[in-house]
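Student: Would you mind keeping the following structure in view while I ask a few things?
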Amino acid sequence: MNCKKARFLCSQLLDDRLNERAKRALLSHLSNCPHCQSFYRQAKKIKEMTHSLPTPELSPNFNEVVMYRIERSRASPQPRFVFLLKRKLALFLLPLVLLASTLIFLFHRKPDETELLRSYRREHFIYTLQNPLISADSAVKMLLISSEE
Amino acid sequence: MKKFVIPIILILAFAIASLPSDSFSLLRQYLEKEEKTSYMGKQIHILYTPKGYHKFEVIVKHDSSDKTRLEFLSPPFFSGYVMVWDEEGGAVIPPRRGRMPFHHPLPPRYLMDIQLDLIWKNAKVTQLGEEKIVGRKANVFLIKPAYVKGGYFKLWVDKETGIRLRTERYSPSGQLLFSLSFVSLQLNPSFNKREFDIPRIGQKPKNYSKEELERLLRFRPLFPTFIPPGYKIVHQRPFFTRKQKGVLIHLTDGLNPITILETPTPHRHPAISFPSQPEIVFLNIQGYSVFLTGNVDREVLEKVGRSLK
């Protein structure tokens, strides 16, 4: 038996919940391990102290209150998903909001007029470039427009 | 009868010979000369905006086989960029650390001849006089659209070589939109041919028929039933952005091109404005959003837009 298991069994020994075989094995370990002996002593002391504490008095209408609450929960049972929502509301809503805003952005986006008009003007000047009177000028303008994109 | 034939012929010959030299044919002569002259010069380009102006400084290299190279010196934002092009197209070549990471295609100039023809038909050319620019004598021409209230040009054309030493473009209301001027010029310099090598990227834009457009876009495009006098539809093609599709129709009189964009996507009047750009007219025609732009009077754009069917 190792110390970890022995310490786990100590609390059961104090509650007198161990069978004979486990009790013998634990006592044999305790006789050889000073650390576990100390642990057992402390646990025993704590148990004695808690036993010496006065037992709290229940309020006179304790039973009535408990029964009333039970009756109320039976009358309007709370669905499980509401409970989950309440518990992890933020975690549940955050992806939902993100998803909704993405969908709105994708499907309700206005036609991009700036892009359309830029391309349109560019086309106009590419065409203007073919005018023999202003070809060099249009070349400059085209560069200007292209660099804006 | 024979008595009269010879004097009539003589009178006609005299009348033809004594006609004043036509300024338009002079301009044609100069513009054609430009293609045959190689030159290198420093050019200043000033683009006026409602809030001020942008100033570009460029070295222009033009060889006799009509290849052009622009080397940008300023503003710092464009410093280091190079543009090279010829009849078949061209490219913007960025500097190593430029903002545009890849070579950017310039369109071919296959419409140049069509536009030149339209200019001859639709432009009203007046010779304003002579001026000296960069120490050279230049003829000054005023080129106005003959039939439509649109923007006009002033050109300073070198008398000897036909090179355009200065170009000014005005709005229909007479506002100066840009000025492009040589500040130094060197004729017949020696060029390194490699400087005019053009990386071939992009494709020549195709002109689409109405049926092709309808099949590609799955909607029936509208076409203008009113075309301003002197104008001609020269190009139409589908137009795609990331989320939208439409049709682009280009028409021109050779001076002031008009571009129409139609899209079935509903739009409102554009709230954004681009300084230094011609205004955009927005119309809702038969459920289509229609945009029109060009350096012409607003009424002309609206009339073209409302005639779409």
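Each chain in the structure tokens gets a letter, A, B and so on, in the order shown; residues start at 1 in every chain, and ligands are counted from 1 in the order they appear.
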Quick one: residues within 8 Å of range 183-190 of chain B, only C-alpha atoms, excluding same-chain residues fewer than 3 positions away - as a count of residues only?
Tutor: 9
Student: Can you tell me, as a VMD selection string, what residues are no more than 8 Å from Gln244 in chain B when counting only C-alpha atoms, ignoring any on the same chain fewer than 6 positions away?
Tutor: (chain A and resid 116) or (chain B and resid 263 265)
Student: Please produce a file of the residues just selected, as a PDB file, in the first residue's frame, where the atoms kept are N, CA and C atoms.
Tutor:
```
ATOM      1  N   LEU A 116     -17.009  50.010 -59.090  1.00  0.00           N
ATOM      2  CA  LEU A 116     -17.620  50.045 -60.421  1.00  0.00           C
ATOM      3  C   LEU A 116     -17.200  51.319 -61.164  1.00  0.00           C
TER       4      LEU A 116
ATOM      5  N   THR B 263     -25.648  48.621 -66.614  1.00  0.00           N
ATOM      6  CA  THR B 263     -25.619  47.418 -65.789  1.00  0.00           C
ATOM      7  C   THR B 263     -27.029  47.155 -65.243  1.00  0.00           C
ATOM      8  N   THR B 265     -27.673  45.875 -62.442  1.00  0.00           N
ATOM      9  CA  THR B 265     -27.657  46.041 -60.979  1.00  0.00           C
ATOM     10  C   THR B 265     -28.185  47.426 -60.630  1.00  0.00           C
TER      11      THR B 265
END
```
Student: Run DSSP on the backbone and give me the residues of range 189-304 of chain B it puts in strand (DSSP E), as a tab-separated table (two decimals) with C-alpha atoms, in the first residue's frame.
Tutor:
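part_9.tsv, written as the output of this step:
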```tsv
chain	number	residue	atom	x	y	z
B	232	LYS	CA	-19.85	56.97	-84.36
B	233	ILE	CA	-19.99	53.85	-82.16
B	234	VAL	CA	-16.52	52.41	-82.47
B	235	HIS	CA	-16.37	49.79	-79.76
B	236	GLN	CA	-18.70	47.74	-77.58
B	237	ARG	CA	-17.80	44.99	-75.17
B	238	PRO	CA	-18.88	43.27	-71.96
B	239	PHE	CA	-17.67	44.68	-68.68
B	240	PHE	CA	-17.06	42.70	-65.51
B	245	LYS	CA	-21.52	42.89	-65.10
B	246	GLY	CA	-22.52	45.31	-67.78
B	247	VAL	CA	-21.91	46.62	-71.29
B	248	LEU	CA	-19.47	49.31	-72.33
B	249	ILE	CA	-20.19	51.30	-75.46
B	250	HIS	CA	-17.67	53.75	-76.79
B	251	LEU	CA	-18.53	56.42	-79.30
B	252	THR	CA	-16.45	59.30	-80.52
B	258	ILE	CA	-18.14	59.26	-74.79
B	259	THR	CA	-18.29	56.02	-72.80
B	260	ILE	CA	-21.61	54.45	-71.79
B	261	LEU	CA	-21.86	51.79	-69.12
B	262	GLU	CA	-25.11	49.89	-68.56
B	263	THR	CA	-25.62	47.42	-65.79
B	280	ILE	CA	-20.55	61.23	-64.81
B	281	VAL	CA	-24.20	61.39	-65.80
B	282	PHE	CA	-26.32	58.74	-64.12
B	283	LEU	CA	-29.72	57.61	-65.44
B	284	ASN	CA	-32.20	54.84	-64.70
B	285	ILE	CA	-33.46	53.58	-68.04
B	288	TYR	CA	-30.89	49.54	-66.04
B	289	SER	CA	-28.37	51.75	-64.28
B	290	VAL	CA	-26.70	53.81	-66.98
B	291	PHE	CA	-23.53	55.85	-66.58
B	292	LEU	CA	-22.25	58.22	-69.26
B	293	THR	CA	-19.03	60.19	-69.26
B	294	GLY	CA	-17.09	62.29	-71.71
```
Student: Please provide the set of residues having any atom within 10 Å of His35 in chain A, restricted to only C-alpha atoms, with same-chain residues fewer than 5 positions apart removed, written as a PyMOL selection string.
Tutor: chain A and resi 3+7+30+40-41
Student: So which residues touch range 135-148 of chain B within 8 Å, counting only C-alpha atoms, skipping near sequence neighbours fewer than 2 positions away, as JSON, numbers by chain?
Tutor: {"B": [27, 122, 123, 124, 125, 126, 127, 128, 129, 130, 131, 132, 133, 150, 151, 152, 153, 154, 155, 156, 157, 158, 159, 160, 165, 228, 229, 230, 253, 255, 296, 300]}
Student: Quick one, how far is CA of His267 in chain B from CA of Thr114 in chain A?
Tutor: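 Computed distance, CA of His267 in chain B to CA of Thr114 in chain A, equals 11.2 Å.
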Student: Name the closest residue to Ser11 in chain A among the candidates A:Arg24, A:Arg72, A:Arg118, A:Lys44; distances are taken between atoms, counting only C-alpha atoms.
Tutor: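 Ranked by minimum distance to Ser11 in chain A, first place goes to A:Lys44.
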Student: Kindly indicate which residue among B:Arg298, B:Lys67, B:Lys149, B:His54 lies nearest to Gly174 in chain B, using only C-alpha atoms for the distances.
Tutor: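 Nearest candidate to Gly174 in chain B out of B:Arg298, B:Lys67, B:Lys149, B:His54: B:Lys149.
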Student: Name the closest residue to chain A among the candidates B:Arg220, B:Lys121, B:Arg69, B:Lys303; distances are taken between atoms, counting only C-alpha atoms.
Tutor: B:Arg69
Student: Figure out the distance between CA of Ala6 in chain A and CA of Ser28 in chain A, please, to one decimal in Å.
Tutor: 10.2 Å
